[in-house]
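Q: Here you go, this is run06.txt (compact mmCIF, C-alpha atoms).
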```txt
# COMPACT_ATOMS: atom_id res chain seq x y z
CA MET O 1 0.00 0.00 0.00
CA ARG O 2 1.45 3.36 -1.02
CA VAL O 3 1.82 5.96 1.73
CA TYR O 4 1.70 9.62 0.75
CA LYS O 5 3.23 12.57 2.54
CA CYS O 6 0.94 14.23 5.07
CA PHE O 7 1.87 17.79 6.01
CA ARG O 8 0.85 19.18 9.39
CA ILE O 9 1.15 22.93 9.85
CA LEU O 10 -0.16 24.64 12.99
CA GLY O 11 -2.41 21.68 13.70
CA TRP O 12 -3.89 21.41 10.20
CA ASP O 13 -3.34 18.29 8.08
CA PHE O 14 -3.21 17.93 4.32
CA THR O 15 -2.06 14.88 2.39
CA ILE O 16 -0.09 15.41 -0.82
CA THR O 17 -0.80 12.88 -3.58
CA PRO O 18 -0.01 12.91 -7.31
CA THR O 19 -3.70 13.55 -8.06
CA ARG O 20 -3.83 16.55 -5.73
CA PHE O 21 -0.61 17.84 -7.25
CA VAL O 22 -2.26 17.78 -10.69
CA LEU O 23 -5.39 19.44 -9.30
CA THR O 24 -3.21 22.20 -7.85
CA GLY O 25 -1.73 22.73 -11.31
CA PHE O 26 -5.24 23.16 -12.76
CA VAL O 27 -6.02 25.72 -10.05
CA LEU O 28 -2.90 27.73 -10.92
CA LEU O 29 -3.84 27.70 -14.61
CA MET O 30 -7.32 28.88 -13.64
CA VAL O 31 -5.88 31.77 -11.63
CA ALA O 32 -3.88 32.89 -14.67
CA ALA O 33 -6.97 32.67 -16.93
CA VAL O 34 -9.10 34.57 -14.39
CA VAL O 35 -6.54 37.38 -14.14
CA LEU O 36 -6.41 37.63 -17.94
CA ARG O 37 -10.22 37.72 -18.13
CA LEU O 38 -10.52 40.44 -15.47
CA LEU O 39 -7.87 42.59 -17.14
CA THR O 40 -8.86 42.16 -20.79
CA GLY O 41 -12.53 41.16 -20.81
CA PHE O 42 -14.01 38.21 -22.69
CA GLN O 43 -12.24 38.39 -26.03
CA TYR O 44 -9.01 36.51 -25.17
CA VAL O 45 -10.49 33.97 -22.76
CA THR O 46 -13.96 33.10 -24.11
CA ASN O 47 -15.77 32.51 -27.38
CA LEU O 48 -18.82 34.49 -26.26
CA THR O 49 -20.48 36.81 -28.77
CA ASP O 50 -23.63 38.94 -28.94
CA GLU O 51 -25.33 36.04 -30.76
CA THR O 52 -24.12 33.44 -28.21
CA PRO O 53 -23.99 35.34 -24.89
CA TRP O 54 -24.53 32.28 -22.67
CA GLY O 55 -21.48 30.05 -22.67
CA MET O 56 -19.89 27.36 -20.56
CA TRP O 57 -19.71 29.50 -17.41
CA ILE O 58 -23.48 29.99 -17.35
CA ALA O 59 -24.56 26.61 -18.74
CA PHE O 60 -22.14 24.39 -16.80
CA ASP O 61 -20.73 26.36 -13.86
CA VAL O 62 -24.04 28.00 -12.91
CA MET O 63 -26.97 26.00 -14.35
CA CYS O 64 -25.37 22.60 -13.70
CA GLY O 65 -23.55 23.74 -10.57
CA VAL O 66 -26.73 24.87 -8.82
CA ALA O 67 -28.44 21.57 -9.69
CA LEU O 68 -25.48 19.46 -8.51
CA ALA O 69 -25.44 21.35 -5.22
CA GLY O 70 -29.05 20.35 -4.53
CA GLY O 71 -28.01 17.54 -2.20
CA GLY O 72 -27.71 19.94 0.72
CA TYR O 73 -31.29 21.17 0.80
CA SER O 74 -32.84 17.84 -0.24
CA THR O 75 -31.02 15.96 2.54
CA ALA O 76 -31.84 18.68 5.08
CA LEU O 77 -35.51 18.44 4.06
CA LEU O 78 -35.53 14.67 4.58
CA VAL O 79 -33.59 14.70 7.87
CA ASN O 80 -34.90 17.78 9.64
CA MET O 81 -38.42 18.25 8.29
CA LEU O 82 -39.58 14.77 7.25
CA ARG O 83 -37.66 13.08 10.11
CA TYR O 84 -35.74 10.48 8.11
CA LYS O 85 -33.10 10.23 10.84
CA GLU O 86 -31.26 7.36 9.13
CA PHE O 87 -30.02 9.90 6.57
CA SER O 88 -28.29 12.00 9.24
CA VAL O 89 -25.06 10.05 8.58
CA ILE O 90 -24.79 11.74 5.18
CA ALA O 91 -26.11 15.17 6.17
CA ARG O 92 -22.74 16.79 6.87
CA GLY O 93 -21.15 15.48 3.69
CA ALA O 94 -24.11 16.72 1.66
CA LEU O 95 -23.91 20.10 3.40
CA LEU O 96 -20.21 20.48 2.54
CA THR O 97 -20.70 19.43 -1.09
CA SER O 98 -23.60 21.85 -1.43
CA LEU O 99 -21.69 24.74 0.16
CA LEU O 100 -18.68 24.25 -2.10
CA GLY O 101 -20.98 23.96 -5.11
CA TYR O 102 -22.70 27.26 -4.39
CA ILE O 103 -19.41 29.06 -3.74
CA LEU O 104 -18.16 27.88 -7.15
CA VAL O 105 -21.48 28.96 -8.71
CA MET O 106 -21.00 32.45 -7.25
CA ALA O 107 -17.48 32.50 -8.73
CA GLY O 108 -18.88 31.52 -12.14
CA LEU O 109 -21.53 34.26 -11.95
CA PHE O 110 -18.89 36.82 -11.04
CA LEU O 111 -16.69 35.89 -14.01
CA ASP O 112 -19.63 36.04 -16.41
CA ILE O 113 -20.42 39.67 -15.53
CA GLY O 114 -19.24 41.82 -18.42
CA GLN O 115 -18.12 44.71 -16.21
CA TRP O 116 -17.13 42.64 -13.19
CA PHE O 117 -16.29 45.71 -11.10
CA ASN O 118 -20.03 46.48 -10.99
CA PHE O 119 -20.80 43.20 -9.19
CA TRP O 120 -22.08 45.15 -6.16
CA ARG O 121 -24.90 46.93 -7.98
CA PRO O 122 -27.64 44.28 -7.46
CA PHE O 123 -27.20 44.75 -3.72
CA VAL O 124 -28.29 48.38 -3.96
CA SER O 125 -30.21 48.58 -7.27
CA TRP O 126 -33.46 46.68 -6.80
CA GLY O 127 -34.53 45.18 -10.13
CA TYR O 128 -37.40 43.33 -8.47
CA THR O 129 -39.18 42.70 -11.79
CA SER O 130 -36.24 40.62 -13.06
CA VAL O 131 -36.15 36.84 -12.62
CA LEU O 132 -32.35 36.93 -12.76
CA PHE O 133 -32.34 39.48 -9.93
CA GLU O 134 -34.36 37.07 -7.78
CA VAL O 135 -32.00 34.21 -8.67
CA PHE O 136 -28.99 36.34 -7.71
CA TRP O 137 -30.43 37.27 -4.32
CA CYS O 138 -31.66 33.76 -3.50
CA ILE O 139 -28.32 32.16 -4.38
CA SER O 140 -26.43 34.82 -2.39
CA ILE O 141 -28.63 34.43 0.69
CA TYR O 142 -28.65 30.63 0.51
CA THR O 143 -24.84 30.53 0.22
CA THR O 144 -24.68 32.71 3.34
CA ILE O 145 -27.10 30.39 5.18
CA LEU O 146 -25.04 27.34 4.19
CA SER O 147 -21.91 29.08 5.48
CA PHE O 148 -23.55 29.67 8.86
CA GLU O 149 -24.75 26.06 8.99
CA PHE O 150 -21.25 24.81 8.22
CA PHE O 151 -19.83 27.18 10.83
CA GLU O 152 -21.34 24.85 13.43
CA ILE O 153 -18.88 22.20 12.24
CA ILE O 154 -15.99 24.69 12.18
CA THR O 155 -16.55 25.80 15.78
CA GLU O 156 -16.27 22.17 16.94
CA ARG O 157 -12.68 22.11 15.73
CA VAL O 158 -11.38 25.58 16.59
CA LEU O 159 -12.52 25.41 20.22
CA VAL O 160 -14.81 28.44 20.22
CA LYS O 161 -17.22 26.76 22.62
CA LYS O 162 -19.31 29.80 23.48
CA LEU O 163 -19.84 30.65 19.83
CA HIS O 164 -20.54 27.00 19.02
CA LYS O 165 -23.28 26.96 21.65
CA TYR O 166 -25.04 29.93 20.04
CA ILE O 167 -24.68 28.48 16.53
CA VAL O 168 -26.30 25.24 17.70
CA LYS O 169 -29.22 27.23 19.15
CA ILE O 170 -29.97 29.13 15.94
CA LEU O 171 -29.29 26.14 13.67
CA PRO O 172 -32.98 25.06 13.43
CA VAL O 173 -33.91 28.55 12.24
CA LEU O 174 -31.11 28.50 9.66
CA ILE O 175 -32.26 25.12 8.39
CA VAL O 176 -35.84 26.31 7.90
CA ILE O 177 -34.68 29.45 6.06
CA GLY O 178 -32.26 27.31 4.06
CA LEU O 179 -35.14 25.17 2.81
CA VAL O 180 -37.05 28.14 1.40
CA PHE O 181 -34.48 29.83 -0.83
CA PRO O 182 -33.36 26.75 -2.84
CA VAL O 183 -36.98 26.14 -3.86
CA LEU O 184 -37.15 29.72 -5.13
CA HIS O 185 -33.96 29.90 -7.15
CA GLN O 186 -33.99 26.30 -8.44
CA SER O 187 -37.39 26.94 -10.02
CA SER O 188 -36.48 30.48 -11.09
CA LEU O 189 -33.55 29.19 -13.13
CA GLY O 190 -36.14 27.37 -15.24
CA GLY O 191 -38.24 30.53 -15.26
CA LEU O 192 -35.43 32.35 -17.05
CA PHE O 193 -36.27 30.38 -20.19
CA LEU O 194 -39.99 31.17 -20.19
CA ILE O 195 -39.46 34.39 -22.15
CA MET O 196 -37.38 32.54 -24.77
CA LYS O 197 -40.17 30.56 -26.41
CA GLU O 198 -39.31 31.83 -29.88
CA LYS O 199 -35.62 30.97 -29.44
CA MET O 200 -35.83 27.50 -27.89
CA PHE O 201 -36.51 24.22 -29.68
CA PRO O 202 -40.06 23.10 -28.75
CA LEU O 203 -38.94 19.91 -26.96
CA TRP O 204 -37.28 21.95 -24.22
CA TRP O 205 -39.58 24.93 -23.88
CA SER O 206 -42.57 24.44 -21.60
CA GLU O 207 -44.71 26.32 -19.12
CA PHE O 208 -43.55 23.67 -16.63
CA LEU O 209 -39.87 24.62 -16.90
CA PRO O 210 -39.70 26.03 -13.32
CA ILE O 211 -41.22 22.78 -12.02
CA TYR O 212 -38.85 20.69 -14.15
CA PHE O 213 -35.82 22.50 -12.76
CA LEU O 214 -37.07 22.18 -9.18
CA LEU O 215 -37.90 18.46 -9.44
CA SER O 216 -34.61 17.61 -11.16
CA SER O 217 -32.61 19.49 -8.50
CA PHE O 218 -34.17 17.21 -5.88
CA PHE O 219 -33.52 13.83 -7.50
CA ILE O 220 -30.04 14.81 -8.67
CA GLY O 221 -29.34 15.77 -5.06
CA SER O 222 -29.69 12.21 -3.78
CA ALA O 223 -27.73 10.87 -6.76
CA MET O 224 -24.92 13.37 -6.17
CA VAL O 225 -24.75 12.37 -2.50
CA THR O 226 -24.31 8.75 -3.63
CA VAL O 227 -21.46 9.71 -5.96
CA GLU O 228 -19.82 11.83 -3.24
CA THR O 229 -20.04 9.11 -0.57
CA THR O 230 -18.64 6.53 -3.02
CA LEU O 231 -15.65 8.74 -3.76
CA ALA O 232 -15.22 9.39 -0.01
CA LYS O 233 -15.14 5.63 0.55
CA SER O 234 -12.35 5.24 -2.01
CA ALA O 235 -10.32 8.09 -0.53
CA TYR O 236 -10.98 7.75 3.21
CA GLY O 237 -12.58 4.33 3.73
CA HIS O 238 -15.83 6.01 4.77
CA GLU O 239 -18.73 3.69 4.00
CA ILE O 240 -22.45 4.37 4.30
CA PRO O 241 -24.79 1.33 4.69
CA HIS O 242 -26.12 0.32 1.29
CA GLU O 243 -29.69 0.15 2.59
CA VAL O 244 -29.52 3.83 3.58
CA MET O 245 -28.27 4.93 0.17
CA MET O 246 -30.81 2.73 -1.61
CA LYS O 247 -33.69 4.23 0.36
CA LEU O 248 -32.40 7.77 -0.28
CA ASN O 249 -32.21 7.19 -4.02
CA ARG O 250 -35.60 5.52 -4.17
CA ILE O 251 -37.09 8.68 -2.69
CA GLY O 252 -35.27 10.69 -5.35
CA ALA O 253 -36.40 8.26 -8.04
CA SER O 254 -40.05 8.74 -7.04
CA ILE O 255 -39.60 12.45 -7.78
CA MET O 256 -37.95 11.44 -11.05
CA GLY O 257 -41.05 9.40 -11.89
CA VAL O 258 -43.23 12.49 -11.39
CA TYR O 259 -40.81 14.41 -13.63
CA LEU O 260 -41.12 11.76 -16.38
CA LEU O 261 -44.94 11.68 -16.22
CA LEU O 262 -45.06 15.46 -16.46
CA LYS O 263 -42.75 15.38 -19.48
CA LEU O 264 -44.93 12.79 -21.21
CA TYR O 265 -48.06 14.79 -20.44
CA ASP O 266 -46.37 17.86 -21.93
CA LEU O 267 -45.60 16.00 -25.17
CA PHE O 268 -49.18 14.76 -25.50
CA GLU O 269 -50.76 18.07 -24.58
CA LYS O 270 -48.68 20.07 -27.09
CA HIS O 271 -48.68 17.32 -29.78
CA GLU O 272 -44.89 17.41 -30.08
CA TRP O 273 -44.15 13.71 -30.64
CA GLY O 274 -43.17 14.51 -34.21
CA TYR O 275 -40.17 16.48 -32.98
CA VAL O 276 -38.99 13.49 -30.92
CA PHE O 277 -38.62 11.21 -33.94
CA GLN O 278 -37.59 13.63 -36.68
CA GLY O 279 -33.94 12.50 -36.53
CA SER O 280 -32.38 15.96 -36.14
CA LEU O 281 -29.61 16.85 -33.72
CA GLN O 282 -32.16 18.32 -31.33
CA SER O 283 -34.39 15.25 -31.35
CA ASN O 284 -31.44 12.89 -30.91
CA MET O 285 -30.08 14.88 -27.97
CA TYR O 286 -33.55 14.93 -26.39
CA CYS O 287 -33.87 11.16 -26.73
CA LEU O 288 -30.36 10.69 -25.31
CA GLU O 289 -31.25 12.86 -22.33
CA MET O 290 -34.54 11.11 -21.62
CA ILE O 291 -33.44 7.50 -22.22
CA PHE O 292 -30.09 7.50 -20.41
CA GLY O 293 -30.84 10.25 -17.88
CA ILE O 294 -34.40 9.31 -16.85
CA ILE O 295 -35.81 6.04 -18.21
CA ILE O 296 -32.82 3.73 -17.64
CA PRO O 297 -32.20 5.09 -14.09
CA ILE O 298 -35.85 4.47 -13.22
CA ILE O 299 -35.58 0.90 -14.57
CA ILE O 300 -32.46 0.33 -12.45
CA ILE O 301 -33.97 1.70 -9.24
CA ILE O 302 -37.15 -0.43 -9.48
CA SER O 303 -35.24 -3.59 -10.43
CA PRO O 304 -33.04 -5.89 -8.28
CA LEU O 305 -30.00 -4.13 -9.77
CA CYS O 306 -30.28 -1.34 -7.19
CA LYS O 307 -29.57 -3.88 -4.43
CA LYS O 308 -26.03 -4.17 -5.76
CA ARG O 309 -23.57 -1.37 -5.11
CA TRP O 310 -22.50 -1.10 -8.75
CA GLY O 311 -26.13 -0.93 -9.81
CA LEU O 312 -26.95 1.90 -7.43
CA LEU O 313 -23.79 3.75 -8.44
CA THR O 314 -24.73 3.34 -12.12
CA TYR O 315 -28.14 4.82 -11.35
CA ALA O 316 -26.49 7.77 -9.56
CA TRP O 317 -24.01 8.53 -12.33
CA LEU O 318 -26.63 8.28 -15.08
CA THR O 319 -28.91 10.61 -13.12
CA VAL O 320 -26.16 13.16 -12.56
CA LEU O 321 -25.04 13.09 -16.19
CA GLY O 322 -28.66 13.19 -17.38
CA VAL O 323 -29.43 16.41 -15.50
CA ILE O 324 -26.15 17.95 -16.68
CA LEU O 325 -27.09 17.07 -20.26
CA ASN O 326 -30.54 18.59 -19.74
CA ARG O 327 -29.10 21.90 -18.58
CA LEU O 328 -26.61 22.01 -21.45
CA ASN O 329 -29.35 21.13 -23.93
CA CYS O 330 -31.57 23.92 -22.63
CA VAL O 331 -28.83 26.46 -23.35
CA PHE O 332 -26.90 25.16 -26.34
CA THR O 333 -28.89 22.52 -28.25
CA SER O 334 -32.24 24.28 -27.99
CA MET O 335 -31.13 27.87 -28.67
CA TYR O 336 -27.90 27.83 -30.69
CA GLU O 337 -27.41 26.56 -34.21
CA SER O 338 -25.02 23.64 -34.53
CA GLY O 339 -21.44 24.91 -34.47
CA ALA O 340 -22.43 28.44 -33.47
CA TYR O 341 -20.57 28.18 -30.18
CA PHE O 342 -17.84 26.05 -28.65
CA PRO O 343 -16.19 26.98 -25.34
CA GLY O 344 -12.78 28.61 -25.57
CA VAL O 345 -9.69 27.13 -23.94
CA GLY O 346 -9.87 29.77 -21.23
CA GLU O 347 -13.48 28.86 -20.40
CA ILE O 348 -12.56 25.18 -20.08
CA ILE O 349 -9.50 25.98 -17.94
CA VAL O 350 -11.57 28.11 -15.56
CA SER O 351 -14.30 25.47 -15.21
CA VAL O 352 -11.81 22.64 -14.63
CA GLY O 353 -9.89 24.84 -12.20
CA LEU O 354 -13.01 25.66 -10.18
CA ILE O 355 -13.87 21.96 -9.89
CA SER O 356 -10.26 21.16 -8.91
CA MET O 357 -10.28 23.87 -6.25
CA GLY O 358 -13.54 22.51 -4.86
CA ILE O 359 -12.05 19.00 -4.61
CA LEU O 360 -8.93 20.25 -2.83
CA ILE O 361 -10.97 22.28 -0.33
CA TYR O 362 -13.23 19.27 0.25
CA CYS O 363 -10.21 17.06 1.00
CA PHE O 364 -8.74 19.61 3.40
CA LEU O 365 -12.00 20.04 5.32
CA VAL O 366 -12.70 16.30 5.50
CA GLU O 367 -9.21 15.64 6.85
CA ASN O 368 -9.52 18.27 9.56
CA PHE O 369 -13.20 18.34 10.58
CA ASN O 370 -15.87 15.85 11.61
CA ILE O 371 -17.74 15.62 8.31
CA ILE O 372 -17.82 11.95 7.28
CA GLY O 373 -17.99 10.38 10.72
CA ASN O 374 -14.33 10.83 11.73
CA GLU O 375 -15.13 12.07 15.26
CA ARG O 376 -12.23 10.19 16.85
CA ALA O 377 -9.60 11.60 14.50
CA VAL O 378 -10.93 15.13 14.97
CA GLN O 379 -10.96 14.74 18.75
CA ILE O 380 -7.30 13.72 18.68
CA LYS O 381 -6.52 16.86 16.64
CA ILE O 382 -8.50 18.99 19.11
CA ASP O 383 -6.51 17.51 22.01
CA LYS O 384 -3.28 18.28 20.15
CA ASP O 385 -4.48 21.83 19.52
CA LYS O 386 -5.13 22.21 23.25
CA ASP O 387 -1.62 21.00 24.05
CA ILE O 388 -0.12 23.45 21.52
CA LYS O 389 -2.15 26.38 22.85
CA ASN O 390 -1.27 25.48 26.45
CA LEU O 391 2.41 25.32 25.52
CA ILE O 392 2.29 28.70 23.76
CA TRP O 393 0.47 30.21 26.73
CA ALA O 394 3.05 28.80 29.16
CA LEU O 395 5.90 30.24 27.08
CA LEU O 396 4.27 33.67 26.99
CA ARG O 397 3.79 33.66 30.75
CA THR O 398 7.46 32.66 31.22
CA LYS O 399 8.62 35.56 29.06
CA ARG O 400 6.50 38.04 31.02
CA ARG O 401 8.10 36.89 34.23
```
Could you render the structure as structure tokens?
A:
Amino acid sequence: MRVYKCFRILGWDFTITPTRFVLTGFVLLMVAAVVLRLLTGFQYVTNLTDETPWGMWIAFDVMCGVALAGGGYSTALLVNMLRYKEFSVIARGALLTSLLGYILVMAGLFLDIGQWFNFWRPFVSWGYTSVLFEVFWCISIYTTILSFEFFEIITERVLVKKLHKYIVKILPVLIVIGLVFPVLHQSSLGGLFLIMKEKMFPLWWSEFLPIYFLLSSFFIGSAMVTVETTLAKSAYGHEIPHEVMMKLNRIGASIMGVYLLLKLYDLFEKHEWGYVFQGSLQSNMYCLEMIFGIIIPIIIIISPLCKKRWGLLTYAWLTVLGVILNRLNCVFTSMYESGAYFPGVGEIIVSVGLISMGILIYCFLVENFNIIGNERAVQIKIDKDKDIKNLIWALLRTKRR
């Protein structure tokens, strides 16, 4: 078994592996691309134009990022409101993944602002008739709420016991508030497309778009938690009982079933079956999205395959990739002509760098805080921190004497 170097600085641990070294390289490339974008605008970093103003940063970093971060609110809803206490073992991991996802979404939004130095204007200029304004405020407030919720975990480690006590007291209020705002902005992201009926291919435009976006953010949440816990098992040996994960995903799959029935009703009601089988790029991408992202996952989850770990993981990955494909289709396939836009190298570097940074931060936090059930390891670190602080205090008192 290969042992990697673990650095410990001022009580904080971080393991250096070849993979993390590569991820750090991607982050450094991203920093260079971000600096170039902020100094020169879009022209050298992106392929955005007036005809194709929504690119990879909006479609992937924001649209997909917000959906992928849905595991935080969906798990909180199940654990704290619907009282599924067996899911509490995954609550902290889902919270961390969601928080990192929303922070990266905010970074993507910031980079996509043409005049980025005017980022502060929505805080003081109330465009309350704009759907995008509502999305901005809901995402900003929800990211703040997630930060406060995660602060409860931070205060366990840094020995701020008085502050930790107050955070624990207000945590139920934060959770309730944190369940309201995701419902608003997840649905509002779909509402952005309602005014684009003339631009979008009929298979993706619908009056139900806000409901589609909300439902898909819920069932991708449970699937993303499954992917995250599987990766955590590979990296840290953290394993969640299969029965717990299967029950979580079956709840998500029931929402997926409602999503599928609503889609089928939409096709019948608007008489759009002809578009599905016309053999164009749009129809083929729609079929790919529905078959591999919705129908096959539902078949897996209702069959004996879900009782096997590989089967459940296959369901989770197909669900995650299916929702990602749906978001990309809504932006690119449905509104842009084929070949009209392809992300620039700078856009790809920034997106990969943001994901890499999120992974590195996740690893650091998991290795230093009680997130995936490592209470014993964290307690040992806390005891060491106490010894270090006591030693520093003793040395200071000696010097004063």
Q: Do you have the CA of Ala316 (chain O)-CA of Val352 (chain O) distance handy?
A: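 Result for CA of Ala316 (chain O) versus CA of Val352 (chain O): 21.5 Å, one decimal.
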Q: Which is closest to Trp12 (chain O) among O:Ile372, O:Ile295, O:Ile153, O:Leu365, if we use all atoms listed in the file?
A: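 Comparing O:Ile372, O:Ile295, O:Ile153, O:Leu365 against Trp12 (chain O), the winner is O:Leu365.
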Q: Please list, as a PyMOL selection string, the residues that have an atom at most 7 Å away from (-27.7, 12.1, -8.4) in the coordinates of this file, counting only C-alpha atoms.
A: chain O and resi 219-226+316-317+319-320
Q: Between O:Asn80, O:Ile240, O:Met245, O:Leu215, single out the one closest to Leu261 (chain O), counting only C-alpha atoms.
A: O:Leu215
Q: If we count only C-alpha atoms, what is near Val131 (chain O) at a cut-off of 8 Å, once residues fewer than 6 positions away on the same chain are taken out, given as a PyMOL selection string?
A: chain O and resi 188+191-192
Q: For Asn329 (chain O), work out the shell of residues within 9 Å, counting only C-alpha atoms and skipping chain neighbours fewer than 3 positions away, then give it as number ranges by chain.
A: O: 59, 204, 282, 285-286, 289, 324-326, 332-335
Q: Just to be explicit: take each residue in the selection above, keep C-alpha atoms, and write the result as a compact mmCIF listing (two decimals), keeping the file's coordinate frame.
A:
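What ended up in selection-v3.txt:
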```txt
# COMPACT_ATOMS: atom_id res chain seq x y z
CA ALA O 59 -24.56 26.61 -18.74
CA TRP O 204 -37.28 21.95 -24.22
CA GLN O 282 -32.16 18.32 -31.33
CA MET O 285 -30.08 14.88 -27.97
CA TYR O 286 -33.55 14.93 -26.39
CA GLU O 289 -31.25 12.86 -22.33
CA ILE O 324 -26.15 17.95 -16.68
CA LEU O 325 -27.09 17.07 -20.26
CA ASN O 326 -30.54 18.59 -19.74
CA PHE O 332 -26.90 25.16 -26.34
CA THR O 333 -28.89 22.52 -28.25
CA SER O 334 -32.24 24.28 -27.99
CA MET O 335 -31.13 27.87 -28.67
```
Q: Smallest atom-to-atom distance to Ser130 (chain O): which of O:Val66, O:Ile195, O:Val79, O:Ile301, using all atoms listed in the file?
A: O:Ile195
Q: Between O:Cys363, O:Val323, O:Leu23, O:Ile167, single out the one closest to Gly65 (chain O), counting only C-alpha atoms.
A: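 Result for the nearest residue to Gly65 (chain O): O:Val323.
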Q: Could I see region 338-350 of chain O restored to N, CA, C and O atoms, set down as a PDB file, in the coordinates of the input?
A:
```
ATOM      1  N   SER O 338     -26.151  24.556 -34.655  1.00  0.00           N
ATOM      2  CA  SER O 338     -25.020  23.640 -34.530  1.00  0.00           C
ATOM      3  C   SER O 338     -23.721  24.321 -35.001  1.00  0.00           C
ATOM      4  O   SER O 338     -23.657  24.860 -36.102  1.00  0.00           O
ATOM      5  N   GLY O 339     -22.726  24.308 -34.139  1.00  0.00           N
ATOM      6  CA  GLY O 339     -21.440  24.910 -34.470  1.00  0.00           C
ATOM      7  C   GLY O 339     -21.352  26.392 -34.198  1.00  0.00           C
ATOM      8  O   GLY O 339     -20.295  27.007 -34.420  1.00  0.00           O
ATOM      9  N   ALA O 340     -22.436  26.993 -33.699  1.00  0.00           N
ATOM     10  CA  ALA O 340     -22.430  28.440 -33.470  1.00  0.00           C
ATOM     11  C   ALA O 340     -21.539  28.807 -32.285  1.00  0.00           C
ATOM     12  O   ALA O 340     -20.997  29.913 -32.240  1.00  0.00           O
ATOM     13  N   TYR O 341     -21.397  27.887 -31.354  1.00  0.00           N
ATOM     14  CA  TYR O 341     -20.570  28.180 -30.180  1.00  0.00           C
ATOM     15  C   TYR O 341     -19.866  26.917 -29.709  1.00  0.00           C
ATOM     16  O   TYR O 341     -20.446  25.833 -29.686  1.00  0.00           O
ATOM     17  N   PHE O 342     -18.602  27.097 -29.332  1.00  0.00           N
ATOM     18  CA  PHE O 342     -17.840  26.050 -28.650  1.00  0.00           C
ATOM     19  C   PHE O 342     -16.974  26.757 -27.617  1.00  0.00           C
ATOM     20  O   PHE O 342     -16.361  27.785 -27.923  1.00  0.00           O
ATOM     21  N   PRO O 343     -16.932  26.254 -26.385  1.00  0.00           N
ATOM     22  CA  PRO O 343     -16.190  26.980 -25.340  1.00  0.00           C
ATOM     23  C   PRO O 343     -14.723  27.156 -25.680  1.00  0.00           C
ATOM     24  O   PRO O 343     -14.081  26.254 -26.244  1.00  0.00           O
ATOM     25  N   GLY O 344     -14.191  28.342 -25.353  1.00  0.00           N
ATOM     26  CA  GLY O 344     -12.780  28.610 -25.570  1.00  0.00           C
ATOM     27  C   GLY O 344     -11.917  27.868 -24.555  1.00  0.00           C
ATOM     28  O   GLY O 344     -12.397  27.371 -23.532  1.00  0.00           O
ATOM     29  N   VAL O 345     -10.629  27.822 -24.843  1.00  0.00           N
ATOM     30  CA  VAL O 345      -9.690  27.130 -23.940  1.00  0.00           C
ATOM     31  C   VAL O 345      -9.735  27.759 -22.549  1.00  0.00           C
ATOM     32  O   VAL O 345      -9.719  27.062 -21.532  1.00  0.00           O
ATOM     33  N   GLY O 346      -9.826  29.089 -22.513  1.00  0.00           N
ATOM     34  CA  GLY O 346      -9.870  29.770 -21.230  1.00  0.00           C
ATOM     35  C   GLY O 346     -11.106  29.400 -20.421  1.00  0.00           C
ATOM     36  O   GLY O 346     -11.040  29.237 -19.191  1.00  0.00           O
ATOM     37  N   GLU O 347     -12.260  29.255 -21.096  1.00  0.00           N
ATOM     38  CA  GLU O 347     -13.480  28.860 -20.400  1.00  0.00           C
ATOM     39  C   GLU O 347     -13.347  27.460 -19.799  1.00  0.00           C
ATOM     40  O   GLU O 347     -13.774  27.204 -18.661  1.00  0.00           O
ATOM     41  N   ILE O 348     -12.757  26.555 -20.566  1.00  0.00           N
ATOM     42  CA  ILE O 348     -12.560  25.180 -20.080  1.00  0.00           C
ATOM     43  C   ILE O 348     -11.591  25.167 -18.906  1.00  0.00           C
ATOM     44  O   ILE O 348     -11.814  24.489 -17.896  1.00  0.00           O
ATOM     45  N   ILE O 349     -10.501  25.932 -19.018  1.00  0.00           N
ATOM     46  CA  ILE O 349      -9.500  25.980 -17.940  1.00  0.00           C
ATOM     47  C   ILE O 349     -10.126  26.491 -16.651  1.00  0.00           C
ATOM     48  O   ILE O 349      -9.892  25.946 -15.560  1.00  0.00           O
ATOM     49  N   VAL O 350     -10.943  27.546 -16.756  1.00  0.00           N
ATOM     50  CA  VAL O 350     -11.570  28.110 -15.560  1.00  0.00           C
ATOM     51  C   VAL O 350     -12.534  27.102 -14.930  1.00  0.00           C
ATOM     52  O   VAL O 350     -12.538  26.904 -13.709  1.00  0.00           O
TER      53      VAL O 350
END
```
